[in-house]
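Listing of upload_36.txt; format and content: compact mmCIF, C-alpha atoms and all ligand atoms.
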# COMPACT_ATOMS: atom_id res chain seq x y z
CA MET A 1 -3.33 -22.80 2.15
CA THR A 2 -3.69 -19.07 2.49
CA ALA A 3 -3.42 -16.96 5.61
CA HIS A 4 -6.17 -16.77 8.22
CA HIS A 5 -4.81 -13.91 10.28
CA HIS A 6 -4.30 -10.69 8.35
CA PRO A 7 -2.73 -7.30 9.06
CA SER A 8 -5.21 -4.57 9.96
CA ASP A 9 -6.79 -2.56 7.16
CA ASP A 10 -5.10 0.54 8.60
CA ILE A 11 -1.69 -0.91 7.87
CA LEU A 12 -2.69 -2.16 4.41
CA LEU A 13 -4.06 1.29 3.57
CA SER A 14 -0.89 3.01 4.78
CA TYR A 15 1.11 0.64 2.59
CA ALA A 16 -1.08 1.54 -0.42
CA ALA A 17 -0.78 5.26 0.29
CA GLY A 18 3.00 4.95 0.61
CA SER A 19 3.12 6.24 4.18
CA LEU A 20 4.24 3.00 5.84
CA ASP A 21 7.88 2.80 6.97
CA GLU A 22 10.22 0.43 5.14
CA PRO A 23 10.65 -2.24 7.86
CA THR A 24 6.89 -2.67 8.33
CA SER A 25 6.48 -2.61 4.55
CA ILE A 26 8.86 -5.58 4.28
CA LEU A 27 6.52 -7.61 6.48
CA ILE A 28 3.38 -6.38 4.70
CA ALA A 29 4.75 -6.99 1.20
CA THR A 30 5.88 -10.47 2.27
CA HIS A 31 2.38 -11.15 3.59
CA LEU A 32 0.93 -9.85 0.31
CA ALA A 33 3.05 -12.35 -1.63
CA LEU A 34 1.24 -15.08 0.31
CA CYS A 35 -2.22 -13.55 0.63
CA PRO A 36 -4.46 -12.83 -2.40
CA ALA A 37 -7.19 -11.39 -0.13
CA CYS A 38 -4.98 -8.62 1.21
CA ARG A 39 -3.58 -7.93 -2.28
CA GLU A 40 -7.17 -7.27 -3.31
CA GLN A 41 -7.59 -4.78 -0.44
CA VAL A 42 -4.37 -2.96 -1.37
CA SER A 43 -5.35 -2.90 -5.02
CA LYS A 44 -8.74 -1.35 -4.18
CA ALA A 45 -7.04 1.23 -1.99
CA GLU A 46 -4.65 2.11 -4.83
CA SER A 47 -7.66 2.54 -7.13
CA VAL A 48 -9.11 5.01 -4.63
CA GLY A 49 -5.75 6.83 -4.59
CA GLY A 50 -5.74 6.90 -8.39
CA GLU A 51 -9.28 8.24 -8.55
CA LEU A 52 -8.55 10.93 -5.98
CA LEU A 53 -5.44 12.04 -7.90
CA ASN A 54 -7.89 13.69 -10.32
CA ASP A 55 -9.20 15.64 -7.38
CA VAL A 56 -5.86 17.05 -6.25
CA LYS A 57 -5.63 20.77 -6.88
CA PRO A 58 -3.14 21.10 -9.76
CA VAL A 59 -0.01 23.24 -9.40
CA ALA A 60 1.09 24.85 -12.67
CA ILE A 61 4.05 23.23 -14.36
CA GLN A 62 6.81 25.53 -15.68
CA ASP A 63 6.34 26.90 -19.17
CA GLY A 64 8.08 24.71 -21.66
CA ALA A 65 8.32 21.73 -19.30
CA LEU A 66 6.42 19.51 -21.70
CA ASP A 67 8.90 20.32 -24.49
CA VAL A 68 11.80 19.56 -22.19
CA VAL A 69 10.27 16.21 -21.31
CA LEU A 70 9.32 15.43 -24.93
CA ALA A 71 12.94 16.07 -25.92
CA ARG A 72 14.07 13.58 -23.32
CA LEU A 73 11.67 10.79 -24.29
CA ASP A 74 14.06 9.16 -26.72
CA GLU A 75 16.98 9.30 -24.34
CA GLY A 76 18.25 6.04 -22.99
CA GLU A 77 17.12 5.06 -19.57
CA ARG A 78 19.81 6.91 -17.70
CA GLY A 79 19.18 7.82 -14.13
CA GLN A 80 16.55 5.16 -13.88
CA ILE A 81 14.41 5.09 -10.81
CA ASN A 82 12.23 2.51 -9.16
CA VAL A 83 13.66 -0.41 -11.02
CA PRO A 84 13.23 -3.50 -8.89
CA ALA A 85 16.50 -5.07 -7.86
CA PRO A 86 17.36 -8.20 -9.82
CA ALA A 87 16.01 -11.29 -8.15
CA ALA A 88 18.21 -12.04 -5.20
CA VAL A 89 18.00 -15.77 -4.90
CA PRO A 90 19.44 -16.93 -1.60
CA HIS A 91 21.74 -19.85 -2.31
CA ASP A 92 19.77 -21.93 0.14
CA ASN A 93 16.18 -20.77 0.31
CA ASP A 94 15.11 -23.90 2.16
CA LEU A 95 12.24 -22.03 3.83
CA ASN A 96 10.83 -20.98 0.44
CA LEU A 97 10.83 -17.38 1.63
CA PRO A 98 9.03 -15.00 -0.73
CA ARG A 99 10.30 -11.78 -2.18
CA PRO A 100 10.72 -9.06 -1.10
CA LEU A 101 11.97 -10.66 2.11
CA THR A 102 14.75 -12.51 0.27
CA ASP A 103 16.00 -9.17 -1.11
CA TYR A 104 16.89 -8.23 2.47
CA ILE A 105 18.70 -11.47 3.30
CA ASP A 106 22.18 -11.84 1.93
CA GLY A 107 22.54 -15.53 1.23
CA SER A 108 20.91 -18.18 3.38
CA THR A 109 19.04 -17.55 6.61
CA LYS A 110 21.57 -19.94 8.12
CA SER A 111 24.34 -17.39 7.66
CA LEU A 112 22.46 -14.63 9.54
CA PRO A 113 23.98 -13.42 12.83
CA TRP A 114 21.73 -15.54 15.04
CA ARG A 115 21.86 -14.83 18.73
CA TRP A 116 20.48 -16.76 21.64
CA LEU A 117 17.40 -15.16 23.12
CA GLY A 118 16.30 -17.90 25.47
CA PRO A 119 16.07 -21.66 25.59
CA SER A 120 15.43 -22.84 22.01
CA VAL A 121 14.75 -19.28 20.81
CA HIS A 122 17.10 -17.38 18.46
CA TYR A 123 16.84 -13.97 16.83
CA ALA A 124 18.69 -12.38 13.90
CA PRO A 125 18.23 -8.77 12.77
CA ILE A 126 17.80 -8.07 9.06
CA ALA A 127 17.65 -4.83 7.05
CA SER A 128 19.53 -3.00 9.78
CA HIS A 129 20.19 -0.09 7.37
CA THR A 130 16.51 0.84 7.31
CA LYS A 131 15.01 3.70 9.29
CA GLY A 132 12.14 3.09 11.66
CA PRO A 133 11.15 -0.07 13.51
CA LYS A 134 13.54 -2.97 13.95
CA VAL A 135 12.97 -6.04 11.84
CA GLY A 136 14.37 -9.53 12.25
CA LEU A 137 13.77 -13.25 12.14
CA LEU A 138 12.86 -15.37 15.14
CA ARG A 139 13.53 -19.12 15.27
CA ILE A 140 11.74 -21.24 17.83
CA ALA A 141 12.42 -24.97 18.17
CA PRO A 142 9.38 -27.25 17.67
CA GLY A 143 7.21 -27.64 20.74
CA THR A 144 8.97 -24.85 22.65
CA ARG A 145 6.86 -23.09 25.23
CA VAL A 146 7.97 -19.45 25.10
CA PRO A 147 7.79 -17.94 28.61
CA MET A 148 4.72 -15.81 29.31
CA HIS A 149 5.55 -12.26 28.30
CA GLY A 150 4.01 -8.85 27.80
CA HIS A 151 4.91 -6.27 25.17
CA SER A 152 6.48 -2.91 25.82
CA GLY A 153 5.43 -1.58 22.45
CA ASN A 154 3.65 -2.55 19.28
CA GLU A 155 4.87 -5.60 17.49
CA LEU A 156 3.96 -7.41 14.29
CA THR A 157 4.78 -11.07 13.83
CA MET A 158 4.38 -13.10 10.66
CA VAL A 159 4.95 -16.84 10.45
CA LEU A 160 7.20 -18.02 7.63
CA ALA A 161 7.61 -21.69 8.57
CA GLY A 162 6.12 -24.00 11.17
CA GLY A 163 3.59 -22.39 13.44
CA TYR A 164 2.66 -21.44 16.96
CA THR A 165 -0.40 -21.20 19.13
CA ASP A 166 -1.24 -18.68 21.83
CA GLY A 167 -4.42 -17.65 23.61
CA THR A 168 -5.60 -15.82 20.49
CA GLY A 169 -5.30 -18.65 17.98
CA ASN A 170 -3.04 -20.79 15.83
CA TYR A 171 -0.65 -19.08 13.46
CA THR A 172 0.94 -20.76 10.45
CA ARG A 173 2.74 -19.61 7.29
CA GLY A 174 1.54 -16.21 6.17
CA ASP A 175 -0.42 -15.44 9.35
CA VAL A 176 0.17 -12.08 11.03
CA GLU A 177 -0.32 -11.31 14.71
CA ALA A 178 -0.32 -7.76 16.03
CA ALA A 179 0.68 -7.30 19.66
CA ASP A 180 0.43 -4.14 21.69
CA ASP A 181 1.01 -3.19 25.32
CA GLY A 182 -2.16 -5.02 26.26
CA LEU A 183 -1.16 -8.42 24.97
CA VAL A 184 0.33 -10.86 27.43
CA HIS A 185 0.73 -14.28 25.90
CA GLN A 186 2.56 -17.55 26.01
CA PRO A 187 3.12 -18.79 22.46
CA ILE A 188 3.82 -22.49 22.05
CA ALA A 189 5.62 -23.52 18.87
CA ASP A 190 3.78 -26.24 16.99
CA ALA A 191 5.35 -29.69 17.05
CA GLY A 192 7.19 -30.99 14.02
CA GLU A 193 8.84 -28.16 12.17
CA GLU A 194 10.93 -25.31 13.56
CA CYS A 195 8.86 -22.13 13.78
CA VAL A 196 10.39 -19.18 11.89
CA CYS A 197 8.79 -15.75 12.14
CA LEU A 198 9.43 -12.30 10.76
CA VAL A 199 9.09 -9.79 13.58
CA VAL A 200 8.84 -6.00 13.42
CA THR A 201 9.27 -4.26 16.77
CA GLU A 202 9.48 -0.78 18.26
CA GLY A 203 7.73 2.09 16.61
CA VAL A 204 5.25 0.00 14.69
CA LEU A 205 2.24 2.00 13.57
CA GLN A 206 -0.59 1.69 16.04
CA PRO A 207 -3.70 0.99 14.03
CA THR A 208 -6.50 3.18 15.30
CA GLY A 209 -9.07 1.80 12.94
CA LEU A 210 -10.09 5.34 12.03
CA ILE A 211 -8.76 5.48 8.52
CA ALA A 212 -10.02 1.96 7.84
CA ARG A 213 -13.45 3.11 9.00
CA LEU A 214 -13.30 6.13 6.71
CA VAL A 215 -12.16 4.10 3.73
CA GLN A 216 -14.42 1.13 4.47
CA PRO A 217 -17.13 2.14 1.96
CA PHE A 218 -14.48 1.94 -0.77
CA LEU A 219 -13.10 -1.39 0.37
CA ARG A 220 -16.40 -3.18 0.07
CA ILE A 221 -17.23 -2.03 -3.46
CA MET B 1 -6.52 -5.07 19.79
CA PHE B 2 -5.48 -8.39 21.16
CA GLY B 3 -3.66 -9.58 18.15
CA VAL B 4 -6.53 -11.32 16.43
CA GLN B 5 -6.79 -9.80 13.01
CA GLU B 6 -9.23 -12.07 11.32
CA ARG B 7 -10.98 -10.52 8.40
CA ILE B 8 -14.66 -10.02 8.90
CA ASP B 9 -16.77 -10.51 5.85
CA VAL B 10 -18.38 -7.25 4.93
CA PRO B 11 -21.63 -6.91 3.04
CA THR B 12 -21.07 -6.30 -0.65
CA ARG B 13 -23.14 -3.13 -0.68
CA PRO B 14 -22.45 -0.19 1.62
CA VAL B 15 -24.90 -0.05 4.47
CA VAL B 16 -26.28 3.41 4.03
CA VAL B 17 -26.58 4.82 7.49
CA ILE B 18 -26.31 8.55 7.67
CA ARG B 19 -26.51 9.92 11.13
CA ASP B 20 -27.44 13.44 10.33
CA ALA B 21 -25.36 16.01 12.09
CA PRO B 22 -26.42 19.63 12.25
CA GLY B 23 -26.14 21.13 8.80
CA ASN B 24 -27.55 18.21 6.88
CA ARG B 25 -24.76 16.27 5.20
CA ARG B 26 -26.98 15.05 2.42
CA ASP B 27 -26.91 18.45 0.80
CA GLN B 28 -23.18 18.38 0.83
CA SER B 29 -22.84 15.11 -1.05
CA SER B 30 -24.14 16.85 -4.14
CA LEU B 31 -21.22 19.25 -3.71
CA ALA B 32 -18.89 16.27 -3.93
CA VAL B 33 -20.50 15.27 -7.21
CA GLN B 34 -20.10 18.78 -8.49
CA LYS B 35 -16.51 18.91 -7.36
CA ILE B 36 -15.72 15.65 -9.12
CA CYS B 37 -17.51 16.66 -12.30
CA THR B 38 -15.62 19.92 -12.52
CA SER B 39 -12.23 18.66 -11.49
CA GLY B 40 -10.61 18.89 -14.88
CA GLY B 41 -12.85 17.02 -17.24
CA TYR B 42 -10.95 13.76 -16.94
CA ASP B 43 -12.33 10.51 -18.12
CA THR B 44 -10.94 7.29 -16.67
CA ALA B 45 -11.46 5.24 -19.82
CA ALA B 46 -9.97 7.95 -22.06
CA MET B 47 -6.89 8.22 -19.83
CA THR B 48 -6.41 4.46 -20.06
CA GLU B 49 -6.63 4.62 -23.87
CA LEU B 50 -3.96 7.33 -23.86
CA LEU B 51 -1.65 5.28 -21.69
CA VAL B 52 -2.17 2.21 -23.88
CA ALA B 53 -1.29 4.34 -26.93
CA VAL B 54 1.92 5.39 -25.17
CA ALA B 55 2.70 1.77 -24.31
CA GLU B 56 1.91 0.26 -27.69
CA GLN B 57 2.70 3.00 -30.21
CA LYS B 58 5.04 5.30 -28.29
CA ASP B 59 2.44 7.94 -29.10
CA LYS B 60 3.82 11.36 -28.11
CA ALA B 61 0.55 13.21 -28.64
CA ALA B 62 -1.15 10.82 -26.22
CA PHE B 63 1.74 11.31 -23.81
CA SER B 64 1.34 15.10 -24.04
CA GLN B 65 -2.30 14.79 -23.02
CA LEU B 66 -1.42 12.59 -20.06
CA PHE B 67 1.27 15.11 -19.13
CA ALA B 68 -1.18 18.01 -19.22
CA HIS B 69 -3.53 16.22 -16.85
CA TYR B 70 -1.20 14.43 -14.48
CA ALA B 71 2.04 16.45 -14.23
CA PRO B 72 0.41 19.41 -12.39
CA ARG B 73 -1.34 17.01 -10.02
CA ILE B 74 1.82 15.04 -9.33
CA LYS B 75 3.64 18.32 -8.68
CA SER B 76 0.93 19.31 -6.23
CA TYR B 77 1.17 15.89 -4.53
CA LEU B 78 4.96 16.16 -4.14
CA MET B 79 4.72 19.68 -2.71
CA ARG B 80 2.17 18.47 -0.18
CA GLN B 81 4.64 15.75 0.71
CA GLY B 82 7.29 18.32 1.54
CA ALA B 83 9.16 18.90 -1.72
CA ASN B 84 9.88 22.55 -2.49
CA GLN B 85 8.56 23.95 -5.74
CA ALA B 86 11.80 23.39 -7.73
CA LEU B 87 12.21 19.80 -6.56
CA ALA B 88 8.52 19.05 -7.12
CA GLU B 89 8.84 20.44 -10.65
CA GLU B 90 11.87 18.29 -11.38
CA LEU B 91 10.35 15.17 -9.87
CA SER B 92 7.00 15.57 -11.59
CA GLN B 93 8.87 15.69 -14.92
CA GLU B 94 10.82 12.64 -13.80
CA ALA B 95 7.57 10.87 -12.90
CA MET B 96 6.15 11.51 -16.36
CA LEU B 97 9.38 10.24 -17.95
CA THR B 98 8.96 7.10 -15.87
CA VAL B 99 5.40 6.80 -17.17
CA TRP B 100 6.79 6.95 -20.72
CA ARG B 101 9.56 4.45 -20.10
CA LYS B 102 7.55 1.94 -18.16
CA ALA B 103 4.24 2.23 -19.98
CA ASP B 104 4.77 -1.26 -21.39
CA ARG B 105 4.36 -2.63 -17.86
CA PHE B 106 0.91 -1.07 -17.57
CA ASP B 107 -1.75 -3.80 -17.57
CA ARG B 108 -5.19 -2.37 -18.26
CA SER B 109 -6.84 -5.49 -16.90
CA LYS B 110 -5.29 -4.81 -13.49
CA ALA B 111 -5.53 -1.04 -13.01
CA ALA B 112 -6.86 2.19 -14.44
CA ALA B 113 -4.29 4.63 -15.85
CA GLY B 114 -4.75 7.00 -12.91
CA THR B 115 -4.12 4.20 -10.43
CA TRP B 116 -0.95 3.13 -12.20
CA ILE B 117 0.31 6.72 -12.46
CA PHE B 118 -0.51 7.30 -8.79
CA ALA B 119 1.67 4.26 -7.95
CA VAL B 120 4.53 5.63 -10.10
CA ALA B 121 4.36 9.00 -8.31
CA ARG B 122 4.08 7.37 -4.88
CA ASN B 123 7.11 5.15 -5.48
CA LEU B 124 9.12 8.08 -6.79
CA ARG B 125 8.20 10.06 -3.69
CA ILE B 126 9.37 7.25 -1.38
CA ASP B 127 12.58 6.91 -3.36
CA ALA B 128 13.40 10.60 -3.82
CA LEU B 129 11.88 12.31 -0.78
CA ARG B 130 12.14 9.61 1.86
CA LYS B 131 15.27 7.92 0.46
CA GLU B 132 13.79 4.53 1.19
CA ASN B 133 12.91 1.47 -0.80
CA ARG B 134 9.36 0.37 -1.21
CA PRO B 135 9.32 -3.39 -0.74
CA ASN B 136 6.85 -5.02 -3.09
CA PHE B 137 5.83 -8.58 -3.89
CA ASP B 138 6.90 -10.21 -7.13
CA PRO B 139 4.21 -12.19 -9.00
CA ASN B 140 6.96 -14.23 -10.71
CA ASP B 141 8.48 -15.35 -7.43
CA PRO B 142 8.20 -19.14 -6.92
CA ALA B 143 6.86 -18.58 -3.39
CA PHE B 144 4.09 -16.24 -4.60
CA VAL B 145 0.57 -17.53 -3.86
CA PRO B 146 -1.64 -16.73 -6.88
CA GLU B 147 -5.28 -15.68 -6.80
CA PRO B 148 -7.79 -18.51 -6.57
CA GLU B 149 -9.70 -19.01 -9.81
CA THR B 150 -12.72 -16.73 -9.90
CA ALA B 151 -15.81 -17.38 -11.94
CA PRO B 152 -15.75 -15.15 -15.03
CA ASP B 153 -19.06 -13.52 -14.10
CA ALA B 154 -17.75 -12.71 -10.61
CA ALA B 155 -14.79 -10.79 -11.96
CA VAL B 156 -15.27 -7.03 -11.77
CA SER B 157 -13.73 -4.99 -14.58
CA ILE B 158 -11.41 -2.12 -13.80
CA GLY B 159 -13.83 0.33 -15.41
CA GLU B 160 -16.59 -0.96 -13.15
CA THR B 161 -14.34 -0.65 -10.07
CA GLN B 162 -13.49 2.96 -10.90
CA SER B 163 -17.11 3.88 -11.50
CA ARG B 164 -18.11 2.29 -8.19
CA ILE B 165 -15.38 4.31 -6.48
CA ARG B 166 -16.74 7.48 -8.07
CA ASN B 167 -20.21 6.58 -6.84
CA VAL B 168 -18.90 6.13 -3.30
CA ILE B 169 -17.09 9.48 -3.52
CA ALA B 170 -20.31 11.12 -4.67
CA THR B 171 -22.43 9.72 -1.87
CA LEU B 172 -20.08 10.08 1.12
CA PRO B 173 -20.13 13.16 3.33
CA ILE B 174 -17.74 15.64 1.76
CA GLU B 175 -15.55 15.83 4.88
CA GLN B 176 -15.06 12.10 4.79
CA VAL B 177 -13.87 12.19 1.19
CA GLU B 178 -11.58 15.05 2.18
CA VAL B 179 -9.94 13.05 4.97
CA VAL B 180 -9.45 10.08 2.66
CA ARG B 181 -7.88 12.43 0.11
CA LEU B 182 -5.58 13.87 2.78
CA PHE B 183 -4.65 10.35 3.78
CA PHE B 184 -3.39 9.60 0.27
CA TYR B 185 -2.02 13.00 -0.68
CA GLU B 186 -0.74 14.72 2.45
CA ASP B 187 1.89 13.24 4.69
CA LYS B 188 -0.16 13.40 7.84
CA PRO B 189 -1.16 10.85 10.39
CA HIS B 190 -4.78 10.16 9.59
CA GLY B 191 -6.11 10.95 13.05
CA GLU B 192 -4.55 14.39 12.80
CA ALA B 193 -6.17 15.03 9.44
CA ALA B 194 -9.56 14.10 10.84
CA GLN B 195 -9.06 16.34 13.85
CA GLU B 196 -7.82 19.24 11.79
CA LEU B 197 -10.96 19.18 9.75
CA GLY B 198 -13.05 18.78 12.87
CA LEU B 199 -14.57 15.74 11.24
CA PRO B 200 -17.58 14.82 13.35
CA LEU B 201 -17.27 11.06 13.59
CA GLY B 202 -21.02 10.78 13.75
CA THR B 203 -21.13 11.81 10.10
CA VAL B 204 -18.75 9.06 9.00
CA LYS B 205 -20.29 6.38 6.89
CA SER B 206 -18.53 3.13 7.44
ZN ZN C 1 -3.89 -11.22 4.30

Take the structure in the file and write it out as structure tokens.
Ligand SMILES: [Zn+2]
Amino acid sequence: MTAHHHPSDDILLSYAAGSLDEPTSILIATHLALCPACREQVSKAESVGGELLNDVKPVAIQDGALDVVLARLDEGERGQINVPAPAAVPHDNDLNLPRPLTDYIDGSTKSLPWRWLGPSVHYAPIASHTKGPKVGLLRIAPGTRVPMHGHSGNELTMVLAGGYTDGTGNYTRGDVEAADDGLVHQPIADAGEECVCLVVTEGVLQPTGLIARLVQPFLRI
Amino acid sequence: MFGVQERIDVPTRPVVVIRDAPGNRRDQSSLAVQKICTSGGYDTAAMTELLVAVAEQKDKAAFSQLFAHYAPRIKSYLMRQGANQALAEELSQEAMLTVWRKADRFDRSKAAAGTWIFAVARNLRIDALRKENRPNFDPNDPAFVPEPETAPDAAVSIGETQSRIRNVIATLPIEQVEVVRLFFYEDKPHGEAAQELGLPLGTVKS
């Protein structure tokens, strides 16, 4: 089962370009782990970035820089950069959460600082050291009818377990819903399993659709 | 924007609709071709061979050629992203060292050399200039959902993808290519970039 509701192309493109903030990137990369279709979009966008790198006006490198670098090639890998952290396996990954999300959860989701948000609804912040939007997990008991609510800012929600249904559709594992000021909804958690979602709030990029429109000819190659 | 983000199937070929604005854009697409053809004499396939030689034989001559092409472009990219000239110099050298050290992770069936090197430079920029991590998926993660099997004749080679991208670059209005370039290489909200260039939206091919 793959996702039916995907993040906007604007957000995927920003992720590919490297301009998306870290909290939103956690949600996007977690969606990508579950969604081959969006991985394909990101990979095409990166290919466009790679092709356009040839087109960037070069800035001269210092004389002798190549020799300096050549002399360093046989050095050990000191001062390494961009090495992925070793797999952080939560001791109880009962929700089968994908990386990179698990890298931001120390231990089990059960040990997170859950707080009561309303009847049968709990929230726990994660990655609180990151700059930008807030990110956290939301737990909703099966069958719970979340009170009708609006949104004071942009919000991205991705289902990790269980599911919910609102006026816009049914969302299950991997599905992403974007909410903005205009969305007023009453999600109802699906019966059976507890619904667990990853939520990014406050300061989430507002997709305008413009960049997606500009890049569209590349995405359909 | 009401939260429904279902993907709409797009036709496989671009729908060529040029709404001509004053100053006929068609003339300008040939400029884009010219610009691409004269932008340093690169060759996607040759660059990939060089990177494979670095990966498989630790070939320093091949590395030197990659350095000559990419280091000045990475430096330019980092300066556009806000690094001063000294930092951009240092980081572009660091990026090329990373290319050397991690070349064995380059998979030519998944990306062209330029794409892979772009990703190295982008990640270095996030790490060094923004002081943030770049969360990424892990194909070896047990929760990872792999690609569905595709018919062998439906698979598009990387070389084919890159040449299609070049064709799109050559046929789009030059301003549109410019905004896309700014989107990848300058740290600017995309709407701003479009406005700054006075991009007439009527000329956008989408
Ligand atoms: Zn998706």

query: What lies within 6 Å of stretch 184-200 of chain A using all atoms listed in the file, ignoring chain neighbours under 5 positions off, as a PyMOL selection string?
result: chain A and resi 134-150+155-166

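Atom CA of B:Ala88 is positioned 28.5 Å from atom CA of A:Ile28.
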
task: May I ask you to write as a count of residues only all residues lying at most 12 Å from ligand ZN 1 (chain C), with all atoms listed in the file counted?
output: 38

- request: Within 7 Å of chain B, which residues of chain A are there when counting all atoms listed in the file? Please give them as a ChimeraX atom specification.
  value: /A:4-8,17-18,22,25-26,29-30,32-36,46-61,69,73,82,96-100,168,177-179,182-183,210-211,213-218,220-221

Include C-alpha atoms and write out the residues we just selected as a PDB file, keeping the file's coordinate frame.
ATOM      1  CA  HIS A   4      -6.170 -16.770   8.220  1.00  0.00           C
ATOM      2  CA  HIS A   5      -4.810 -13.910  10.280  1.00  0.00           C
ATOM      3  CA  HIS A   6      -4.300 -10.690   8.350  1.00  0.00           C
ATOM      4  CA  PRO A   7      -2.730  -7.300   9.060  1.00  0.00           C
ATOM      5  CA  SER A   8      -5.210  -4.570   9.960  1.00  0.00           C
ATOM      6  CA  ALA A  17      -0.780   5.260   0.290  1.00  0.00           C
ATOM      7  CA  GLY A  18       3.000   4.950   0.610  1.00  0.00           C
ATOM      8  CA  GLU A  22      10.220   0.430   5.140  1.00  0.00           C
ATOM      9  CA  SER A  25       6.480  -2.610   4.550  1.00  0.00           C
ATOM     10  CA  ILE A  26       8.860  -5.580   4.280  1.00  0.00           C
ATOM     11  CA  ALA A  29       4.750  -6.990   1.200  1.00  0.00           C
ATOM     12  CA  THR A  30       5.880 -10.470   2.270  1.00  0.00           C
ATOM     13  CA  LEU A  32       0.930  -9.850   0.310  1.00  0.00           C
ATOM     14  CA  ALA A  33       3.050 -12.350  -1.630  1.00  0.00           C
ATOM     15  CA  LEU A  34       1.240 -15.080   0.310  1.00  0.00           C
ATOM     16  CA  CYS A  35      -2.220 -13.550   0.630  1.00  0.00           C
ATOM     17  CA  PRO A  36      -4.460 -12.830  -2.400  1.00  0.00           C
ATOM     18  CA  GLU A  46      -4.650   2.110  -4.830  1.00  0.00           C
ATOM     19  CA  SER A  47      -7.660   2.540  -7.130  1.00  0.00           C
ATOM     20  CA  VAL A  48      -9.110   5.010  -4.630  1.00  0.00           C
ATOM     21  CA  GLY A  49      -5.750   6.830  -4.590  1.00  0.00           C
ATOM     22  CA  GLY A  50      -5.740   6.900  -8.390  1.00  0.00           C
ATOM     23  CA  GLU A  51      -9.280   8.240  -8.550  1.00  0.00           C
ATOM     24  CA  LEU A  52      -8.550  10.930  -5.980  1.00  0.00           C
ATOM     25  CA  LEU A  53      -5.440  12.040  -7.900  1.00  0.00           C
ATOM     26  CA  ASN A  54      -7.890  13.690 -10.320  1.00  0.00           C
ATOM     27  CA  ASP A  55      -9.200  15.640  -7.380  1.00  0.00           C
ATOM     28  CA  VAL A  56      -5.860  17.050  -6.250  1.00  0.00           C
ATOM     29  CA  LYS A  57      -5.630  20.770  -6.880  1.00  0.00           C
ATOM     30  CA  PRO A  58      -3.140  21.100  -9.760  1.00  0.00           C
ATOM     31  CA  VAL A  59      -0.010  23.240  -9.400  1.00  0.00           C
ATOM     32  CA  ALA A  60       1.090  24.850 -12.670  1.00  0.00           C
ATOM     33  CA  ILE A  61       4.050  23.230 -14.360  1.00  0.00           C
ATOM     34  CA  VAL A  69      10.270  16.210 -21.310  1.00  0.00           C
ATOM     35  CA  LEU A  73      11.670  10.790 -24.290  1.00  0.00           C
ATOM     36  CA  ASN A  82      12.230   2.510  -9.160  1.00  0.00           C
ATOM     37  CA  ASN A  96      10.830 -20.980   0.440  1.00  0.00           C
ATOM     38  CA  LEU A  97      10.830 -17.380   1.630  1.00  0.00           C
ATOM     39  CA  PRO A  98       9.030 -15.000  -0.730  1.00  0.00           C
ATOM     40  CA  ARG A  99      10.300 -11.780  -2.180  1.00  0.00           C
ATOM     41  CA  PRO A 100      10.720  -9.060  -1.100  1.00  0.00           C
ATOM     42  CA  THR A 168      -5.600 -15.820  20.490  1.00  0.00           C
ATOM     43  CA  GLU A 177      -0.320 -11.310  14.710  1.00  0.00           C
ATOM     44  CA  ALA A 178      -0.320  -7.760  16.030  1.00  0.00           C
ATOM     45  CA  ALA A 179       0.680  -7.300  19.660  1.00  0.00           C
ATOM     46  CA  GLY A 182      -2.160  -5.020  26.260  1.00  0.00           C
ATOM     47  CA  LEU A 183      -1.160  -8.420  24.970  1.00  0.00           C
ATOM     48  CA  LEU A 210     -10.090   5.340  12.030  1.00  0.00           C
ATOM     49  CA  ILE A 211      -8.760   5.480   8.520  1.00  0.00           C
ATOM     50  CA  ARG A 213     -13.450   3.110   9.000  1.00  0.00           C
ATOM     51  CA  LEU A 214     -13.300   6.130   6.710  1.00  0.00           C
ATOM     52  CA  VAL A 215     -12.160   4.100   3.730  1.00  0.00           C
ATOM     53  CA  GLN A 216     -14.420   1.130   4.470  1.00  0.00           C
ATOM     54  CA  PRO A 217     -17.130   2.140   1.960  1.00  0.00           C
ATOM     55  CA  PHE A 218     -14.480   1.940  -0.770  1.00  0.00           C
ATOM     56  CA  ARG A 220     -16.400  -3.180   0.070  1.00  0.00           C
ATOM     57  CA  ILE A 221     -17.230  -2.030  -3.460  1.00  0.00           C
TER      58      ILE A 221
END

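Pairwise distance (atom CA of B:Ala55, atom CA of B:Asp104) equals 4.7 Å.
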
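Nearest-residue note for B:Arg105: choosing from B:Val54, B:Gly159, B:Ala45, B:Pro173, the minimum distance belongs to B:Val54, counting all atoms listed in the file.
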
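Of the listed residues (A:Leu117, A:Ser14, A:Thr102, A:Leu219), A:Leu219 comes nearest to A:Lys44; the distances count all atoms listed in the file.
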
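The space between atom CA of B:Met47 and atom CA of B:Leu66 spans 7.0 Å.
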